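Q: Quick one: structure below, then a few questions.
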Amino acid sequence: MVAAAQHPNITLFTYAEVEKVEGYIGNFEVTIRQKARFVDHSKCTGCGTCWEKCPTKVVSEYNLGLGTRKAIYICFPQAVPNKPVIDRKHCRQFTRGKCGVCQKVCPAQAIDYQQEDQLVKEQVGAIVVATGYDLFEWEQAYGEYGYGRYPDVISGLQFERLNNASGPTGGKILRPSDGKEPKSVVFIKCVGSRDAAKGKEYCSRTCCMYTAKHAHQVLEKIPGSKAYVFYMDVRTPGKGYEEFYLRTVHEGVRYIRGRVSKIYPEGDRLVVKGVDTLLGRPVEVTADLVVLATAMVPSKGYAEIARIVGISTDQNGFFMEGHPKLRPVETNTAGVFLAGACQGPKDIPDTVAQASAAAAKVCALFSRNEMAVDPMIAQVNQALCSGCMECKKICPYRAIESRTISERMGGKTVERTVASVNTGLCQGCGACTVACRAGAINVKGFTNEQLLAEVDALCL
Amino acid sequence: MQRIGVFVCWCGSNIGAVVDVSRVVEAISTFPGVVYATDYKYMCSEPGQETIIQAVREYRLDRVVIASCSPRLHEATFRKTLSRAGLNPYLLEMANIREQCAWVHQREPEKATQKAIELIRRAISKVSKLEPLFESIIPVTKRALVIGGGIAGIQTALDIADAGYQVILVEREPTIGGKMAMLDKTFPTLDCSA
């Protein structure tokens with residue numbers, strides 16, 4: 001993280017969003033919205049006085065609701081950049097119009113309540129989309145696990161925050177309800193994954209391994225504890241993965257093949273009822289903490305990114321690669337590449353591999369000063385074009401503009417509007433040719449004459 | 001008069017086990033404009049492509065039809081072959097007799113053979129109307145935009161930046177690091193993730 005921030009060739013925009021993408025491969029113009037942080041990062045030293053003194057406590061999103069942060073905050077101690085932002089939805093200066101504590105205590109005078117969003121325009125030649133994933137909202141779908149009503153039924157990512165030294169418990173595994181150390185922890189896999197009825201049909205690929213890791217961590221950190229894993233299958237396709245899983249089994253993690261039908265509270269503990277399909281009988285485990293391996297889904301806002309950048313998604317919202325085997329990091333929009341879980345559920349080794357592959361594709365593009373573009377694109381016959389611009393409306397790549405031309409007609413010069421194709425933007429999809437009533441647009445290599453010759457050959 | 005060459009691929013047994021390739025070649029040899037037709041086990045292989053290049057030179061072919069797999073797989077391959085043979089690479093038409101014929105009509109070899117002939121008739125008809133096309137040249141701005149500052153975005157940005165190009169890394173949250181920075185240790189080596 002720090003390497004990226006300090007690299008002389010990398011310009012970092014955090015707390016920023018891509019708002020608009022125009023242009024085409026080799027020649028994009030992007031508009032980036034730098035959201036107002038209300039902290040001047042050129043003055044801020046990251047000393048931390050402001051967030052120590054801030055009187056407003058807010059539930060921490062970064063800790064997934066397991067702790068609190070201040071209204072002026074950094075997400076976690078190693079955050080990059082290590083300088084705070086003000087959350088205007090909760091800051092008293094914005095909600096009540098008075099407070100100003102952070103401004104008063106800031107030794108660098110970096111607090112600026114008047115700061116506004118800024119729009120920045122940048123020219124780029126290639127775009128890599130790496131927007132990642134979010135977790136499936138199991139609270140909406142799984143009533144048998146309590147719809148999120150039991151505080152000690154948590155997601156795997158929440159468990160990571162409990163385990164993390166910079167998390168809300170300083171790295172101790174403690175129950176969210178009463179802060180006690182759990183002696184019996186149940187893990188449930190495939191929550192939302194491989195469940196077409198309630199969740200997603202696909203396998204999220206990472207859960208078998210991180211659940212094995214979580215179970216290992218329970219036994220390692222809590223002496224005398226027990227860890228149970230309810231699973232459908234154990235899938236460990238990766239280097240060193242099967243060995244890792246077997247190690248956790250040998251350490252004493254109890255794997256139970258079967259689904260959980262119900263979780264209900266009994267005193268301050270939870271009863272997990274399920275079935276062991278290998279023994280063919282129901283099982284009941286009393287647990288202090290239940291951890292759900294929830295499915296990976298595309299990151300919130302994926303549809304907006306797809307629209308802005310001009311790429312397509314599959315039925316689950318993951319971005320579509322050019323070809324599942326042969327073009328895994330390209331998209332069908334030239335110059336736009338994919339990396340990581342935004343293309344499909346992926347673990348870290350696969351993500352890093354795909355990210356390097358996307359970088360290699362970008363570098364190959366940049367190794368030349370200019371590039372050849374596919375000639376099979378739309379072409380307007382100006383003599384036939386009536387200038388109705390139906391083609392412009394239908395073009396998904398915004399490749400058609402209107403243009404005024406002058407013509408000599410009957411001894412006079414007249415001006416009229418015709419359609420004109422931007423050769424860089426046009427992808428040769430042919431949508432315009434269908435919309436053109438005058439038959440004035442043809443895709444080169446697929447002209448009306450050529451297509452009719454094919455039809456004649458088949459039908460006559 | 002046009003001089004069209006037709007090359008029918010067996011794709012091993014993918015096409016050859018269903019479609020009667022020899023009969024197809026015999027039938028299409030008589031189509032107008034076709035001056036040469038032949039078949040080969042794997043047209044995309046080095047000797048297969050060499051067959052095409054030799055035939056273009058020997059029979060002075062000016063247009064080429066290749067009946068094989070989907071153009072999504074090998075159209076780019078065969079365009080290069082045409083270039084190497086000295087033809088405009090866009091004077092090529094492919095007939096998909098694998099995905100759209102042999103694979104879907106495995107139990108009806110007779111009809112599949114007839115359909116292959118029809119698909120090639122279509123391709124010949126189109127290839128005769130094709131005109132040479134030329135690629136245009138556009139400049140390339142050597143700067144990249146990476147959207148998302150998680151492990152995928154960071155790795156991509158670092159690799160591009162290490163190659164000497166400028167990168168703009170955009171992250172919507174106040175910090176980069178994404179989901180990975182939230183994790184404790186990572187499998188299978190249990191190293192720290194931040």
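A note on labels: chains of the structure tokens are A, B, ... as shown, every chain counts residues from 1, and ligands are counted from 1 in their shown order.
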Each residue of chain B lying at most 7 Å from chain A should get a row with its shortest atom-to-atom pair and the distance in Å to one decimal, counting only C-alpha atoms; could you produce that, ordered by chain and increasing number, as a Markdown table?
A:
| residue | atom | partner | partner_atom | distance |
| --- | --- | --- | --- | --- |
| B:Glu118 | CA | A:Leu458 | CA | 6.5 |
| B:Arg121 | CA | A:Ala457 | CA | 6.3 |
| B:Arg122 | CA | A:Glu454 | CA | 4.9 |
| B:Ala123 | CA | A:Glu454 | CA | 6.9 |
| B:Ser125 | CA | A:Glu454 | CA | 5.7 |
| B:Lys126 | CA | A:Glu454 | CA | 5.5 |
| B:Lys129 | CA | A:Gln450 | CA | 5.7 |
| B:Leu130 | CA | A:Gly445 | CA | 6.5 |
| B:Leu133 | CA | A:Pro375 | CA | 6.2 |
| B:Phe134 | CA | A:Pro375 | CA | 6.0 |
| B:Glu135 | CA | A:Pro375 | CA | 4.9 |
| B:Ser136 | CA | A:Ala372 | CA | 5.5 |
| B:Ile137 | CA | A:Ala372 | CA | 4.6 |
| B:Ile138 | CA | A:Glu370 | CA | 5.4 |
| B:Pro139 | CA | A:Glu370 | CA | 4.2 |
| B:Val140 | CA | A:Gly26 | CA | 4.1 |
| B:Thr141 | CA | A:Gly125 | CA | 4.5 |
| B:Lys142 | CA | A:Phe366 | CA | 5.3 |
| B:Arg143 | CA | A:Val124 | CA | 4.7 |
| B:Ala144 | CA | A:Ala126 | CA | 4.9 |
| B:Leu145 | CA | A:Ile127 | CA | 4.7 |
| B:Val146 | CA | A:Val128 | CA | 4.7 |
| B:Ile147 | CA | A:Val129 | CA | 5.0 |
| B:Gly148 | CA | A:Thr131 | CA | 4.7 |
| B:Ala152 | CA | A:Gly340 | CA | 5.1 |
| B:Gly153 | CA | A:Ala130 | CA | 5.2 |
| B:Ile154 | CA | A:Ala4 | CA | 6.4 |
| B:Gln155 | CA | A:Ala355 | CA | 5.8 |
| B:Thr156 | CA | A:Ala355 | CA | 4.8 |
| B:Leu158 | CA | A:Ala4 | CA | 6.1 |
| B:Asp159 | CA | A:Ala359 | CA | 5.9 |
| B:Ile160 | CA | A:Ala359 | CA | 5.4 |
| B:Ala161 | CA | A:Asn9 | CA | 5.3 |
| B:Tyr165 | CA | A:Asn9 | CA | 6.5 |
| B:Gln166 | CA | A:Asn9 | CA | 4.8 |
| B:Val167 | CA | A:Ile10 | CA | 4.8 |
| B:Ile168 | CA | A:Thr11 | CA | 4.8 |
| B:Leu169 | CA | A:Leu12 | CA | 5.0 |
| B:Val170 | CA | A:Phe13 | CA | 4.7 |
| B:Glu171 | CA | A:Thr14 | CA | 4.7 |
| B:Arg172 | CA | A:Tyr15 | CA | 4.5 |
| B:Glu173 | CA | A:Tyr15 | CA | 4.7 |
| B:Pro174 | CA | A:Tyr15 | CA | 4.5 |
| B:Thr175 | CA | A:Val80 | CA | 5.1 |
| B:Ile176 | CA | A:Val80 | CA | 5.8 |
| B:Gly177 | CA | A:Met1 | CA | 6.3 |
| B:Met182 | CA | A:Arg161 | CA | 6.3 |
| B:Leu183 | CA | A:Glu160 | CA | 5.1 |
| B:Asp184 | CA | A:Asn164 | CA | 4.5 |
| B:Phe187 | CA | A:Lys213 | CA | 6.5 |
| B:Pro188 | CA | A:Tyr241 | CA | 6.1 |
Q: Write out as a list in words all residues of stretch 161-263 of chain A that backbone DSSP assigns to strand (DSSP E or B).
A: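 Secondary structure check on stretch 161-263 of chain A, strand (DSSP E or B): Ser184, Val185, Val186, Phe187, Ile188, Lys189, Cys190, Val191, Lys226, Ala227, Tyr228, Val229, Phe230, Tyr231, Arg254, Tyr255, Ile256, Arg257, Val260, Ser261, Lys262 and Ile263 of chain A.
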Q: Skipping near chain neighbours, those fewer than 2 positions away, what residues fall within 12 Å of B:Gly48 using only C-alpha atoms, listed as a VMD selection string?
A: chain B and resid 7 to 11 38 to 46 50 to 55 66 68 77 to 78 81
Q: With C-alpha atoms retained, could you export that selection as an mmCIF file, in the first residue's frame?
A:
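And here is the file that came out, again_6.cif:
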data_model
loop_
_atom_site.group_PDB
_atom_site.id
_atom_site.type_symbol
_atom_site.label_atom_id
_atom_site.label_comp_id
_atom_site.auth_asym_id
_atom_site.auth_seq_id
_atom_site.Cartn_x
_atom_site.Cartn_y
_atom_site.Cartn_z
ATOM 1 C CA PHE B 7 -9.709 -24.763 -47.434
ATOM 2 C CA VAL B 8 -11.730 -27.258 -45.418
ATOM 3 C CA CYS B 9 -10.461 -28.276 -41.991
ATOM 4 C CA TRP B 10 -11.074 -31.618 -40.257
ATOM 5 C CA CYS B 11 -10.212 -30.224 -36.859
ATOM 6 C CA THR B 38 -8.578 -28.822 -50.530
ATOM 7 C CA ASP B 39 -8.772 -30.226 -47.013
ATOM 8 C CA TYR B 40 -6.327 -30.776 -44.166
ATOM 9 C CA LYS B 41 -6.383 -32.308 -40.687
ATOM 10 C CA TYR B 42 -5.594 -29.063 -38.893
ATOM 11 C CA MET B 43 -5.717 -25.915 -41.025
ATOM 12 C CA CYS B 44 -4.495 -23.723 -38.145
ATOM 13 C CA SER B 45 -1.302 -25.759 -37.691
ATOM 14 C CA GLU B 46 1.995 -24.655 -39.212
ATOM 15 C CA GLU B 50 1.751 -23.382 -45.246
ATOM 16 C CA THR B 51 -0.732 -25.254 -47.474
ATOM 17 C CA ILE B 52 -2.779 -22.061 -47.761
ATOM 18 C CA ILE B 53 0.245 -19.884 -48.542
ATOM 19 C CA GLN B 54 1.528 -22.314 -51.199
ATOM 20 C CA ALA B 55 -1.896 -22.537 -52.828
ATOM 21 C CA ILE B 66 -11.656 -21.292 -44.678
ATOM 22 C CA SER B 68 -13.303 -24.689 -39.869
ATOM 23 C CA THR B 77 -4.714 -16.495 -37.153
ATOM 24 C CA PHE B 78 -5.857 -16.859 -40.745
ATOM 25 C CA THR B 81 -1.690 -16.248 -42.898
#
Q: Name the residues of stretch 8-192 of chain B that come out as helix (DSSP H, G or I) in a backbone DSSP run; write them as number ranges by chain.
A: B: 13-16, 21-28, 46-58, 71-84, 98-102, 109-127, 151-162, 180-182
Q: Which neighbours of B:Val21 fall inside 12 Å, counting only C-alpha atoms, when residues of the same chain fewer than 3 positions from it are skipped, and could you give them as a PDB file with C-alpha atoms, in the first residue's frame?
A:
ATOM      1  CA  PHE B   7      -9.709 -24.763 -47.434  1.00  0.00           C
ATOM      2  CA  VAL B   8     -11.730 -27.258 -45.418  1.00  0.00           C
ATOM      3  CA  CYS B   9     -10.461 -28.276 -41.991  1.00  0.00           C
ATOM      4  CA  TRP B  10     -11.074 -31.618 -40.257  1.00  0.00           C
ATOM      5  CA  CYS B  11     -10.212 -30.224 -36.859  1.00  0.00           C
ATOM      6  CA  GLY B  12      -9.051 -33.772 -36.097  1.00  0.00           C
ATOM      7  CA  SER B  13     -12.242 -35.674 -35.403  1.00  0.00           C
ATOM      8  CA  ASN B  14     -14.196 -32.582 -34.337  1.00  0.00           C
ATOM      9  CA  ILE B  15     -15.391 -31.981 -37.889  1.00  0.00           C
ATOM     10  CA  GLY B  16     -13.921 -34.973 -39.720  1.00  0.00           C
ATOM     11  CA  ALA B  17     -15.807 -37.602 -37.697  1.00  0.00           C
ATOM     12  CA  VAL B  18     -19.201 -36.135 -38.617  1.00  0.00           C
ATOM     13  CA  VAL B  24     -17.564 -31.437 -49.292  1.00  0.00           C
ATOM     14  CA  VAL B  25     -14.349 -30.565 -51.138  1.00  0.00           C
ATOM     15  CA  GLU B  26     -15.578 -32.361 -54.241  1.00  0.00           C
ATOM     16  CA  ALA B  27     -18.888 -30.474 -54.202  1.00  0.00           C
ATOM     17  CA  ILE B  28     -17.500 -27.011 -53.649  1.00  0.00           C
ATOM     18  CA  ALA B  37     -10.282 -26.501 -52.937  1.00  0.00           C
ATOM     19  CA  THR B  38      -8.578 -28.822 -50.530  1.00  0.00           C
ATOM     20  CA  ASP B  39      -8.772 -30.226 -47.013  1.00  0.00           C
ATOM     21  CA  TYR B  40      -6.327 -30.776 -44.166  1.00  0.00           C
ATOM     22  CA  LYS B  41      -6.383 -32.308 -40.687  1.00  0.00           C
ATOM     23  CA  ALA B  67     -14.245 -23.765 -43.410  1.00  0.00           C
ATOM     24  CA  SER B  68     -13.303 -24.689 -39.869  1.00  0.00           C
ATOM     25  CA  ILE B  97     -18.625 -25.928 -39.812  1.00  0.00           C
ATOM     26  CA  ARG B  98     -17.593 -26.975 -36.302  1.00  0.00           C
ATOM     27  CA  ALA B 102     -20.439 -30.856 -36.798  1.00  0.00           C
ATOM     28  CA  PRO B 109     -23.652 -37.030 -40.583  1.00  0.00           C
ATOM     29  CA  GLU B 110     -25.473 -37.008 -43.921  1.00  0.00           C
ATOM     30  CA  ALA B 112     -24.327 -32.276 -41.531  1.00  0.00           C
ATOM     31  CA  THR B 113     -22.321 -32.842 -44.711  1.00  0.00           C
ATOM     32  CA  GLN B 114     -25.047 -31.175 -46.757  1.00  0.00           C
ATOM     33  CA  LYS B 115     -25.183 -28.257 -44.311  1.00  0.00           C
ATOM     34  CA  ALA B 116     -21.413 -27.827 -44.442  1.00  0.00           C
ATOM     35  CA  ILE B 117     -21.639 -27.481 -48.215  1.00  0.00           C
ATOM     36  CA  ILE B 120     -19.385 -22.871 -47.527  1.00  0.00           C
TER      37      ILE B 120
END
Q: Write out as a PyMOL selection string each polymer residue whose atoms come within 12 Å of B:Asn88, counting only C-alpha atoms; drop sequence neighbours fewer than 3 positions from it.
A: chain B and resi 56+61-64+78-85+91-92+130-135
Q: Which one is closest to B:Leu73: B:Glu99, B:Leu87, B:Leu190, B:Gln49? Count only C-alpha atoms.
A: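 Closest to B:Leu73 of all the choices is B:Glu99.
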Q: Counting only C-alpha atoms, figure out which residue out of A:Ser60, A:Thr294, A:Ser299, A:Thr31 gets nearest to B:Lys179.
A: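 For B:Lys179, the nearest of the given residues is A:Ser299.
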Q: At a cut-off of 12 Å, using only C-alpha atoms, what residues contact A:Gly148? Leave out same-chain residues fewer than 5 positions from it and give the result as a list in words.
A: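 Counting only the stated atoms, we get Glu137, Trp138, Glu139, Gln140, Ala141, Tyr142, Gly143, Val153, Ile154, Ser155, Ile263, Tyr264, Val290, Val291 and Leu292 of chain A.
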Q: So which residues touch B:Val65 within 6 Å, counting only C-alpha atoms, skipping near sequence neighbours fewer than 6 positions away, as a ChimeraX atom specification?
A: /B:6,92-94
Q: Based on the selection just made, write N, CA and C atoms of those residues as a PDB file, in the first residue's frame.
A:
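What follows is the written file out.pdb:
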ATOM      1  N   VAL B   6     -10.646 -22.492 -51.468  1.00  0.00           N
ATOM      2  CA  VAL B   6     -11.412 -22.938 -50.300  1.00  0.00           C
ATOM      3  C   VAL B   6     -10.617 -24.017 -49.564  1.00  0.00           C
ATOM      4  N   LEU B  92     -10.774 -12.497 -46.573  1.00  0.00           N
ATOM      5  CA  LEU B  92     -10.962 -13.820 -45.979  1.00  0.00           C
ATOM      6  C   LEU B  92     -12.393 -13.938 -45.477  1.00  0.00           C
ATOM      7  N   GLU B  93     -13.001 -15.102 -45.678  1.00  0.00           N
ATOM      8  CA  GLU B  93     -14.294 -15.368 -45.069  1.00  0.00           C
ATOM      9  C   GLU B  93     -14.225 -16.764 -44.469  1.00  0.00           C
ATOM     10  N   MET B  94     -14.768 -16.894 -43.252  1.00  0.00           N
ATOM     11  CA  MET B  94     -14.757 -18.201 -42.621  1.00  0.00           C
ATOM     12  C   MET B  94     -16.150 -18.809 -42.608  1.00  0.00           C
TER      13      MET B  94
END
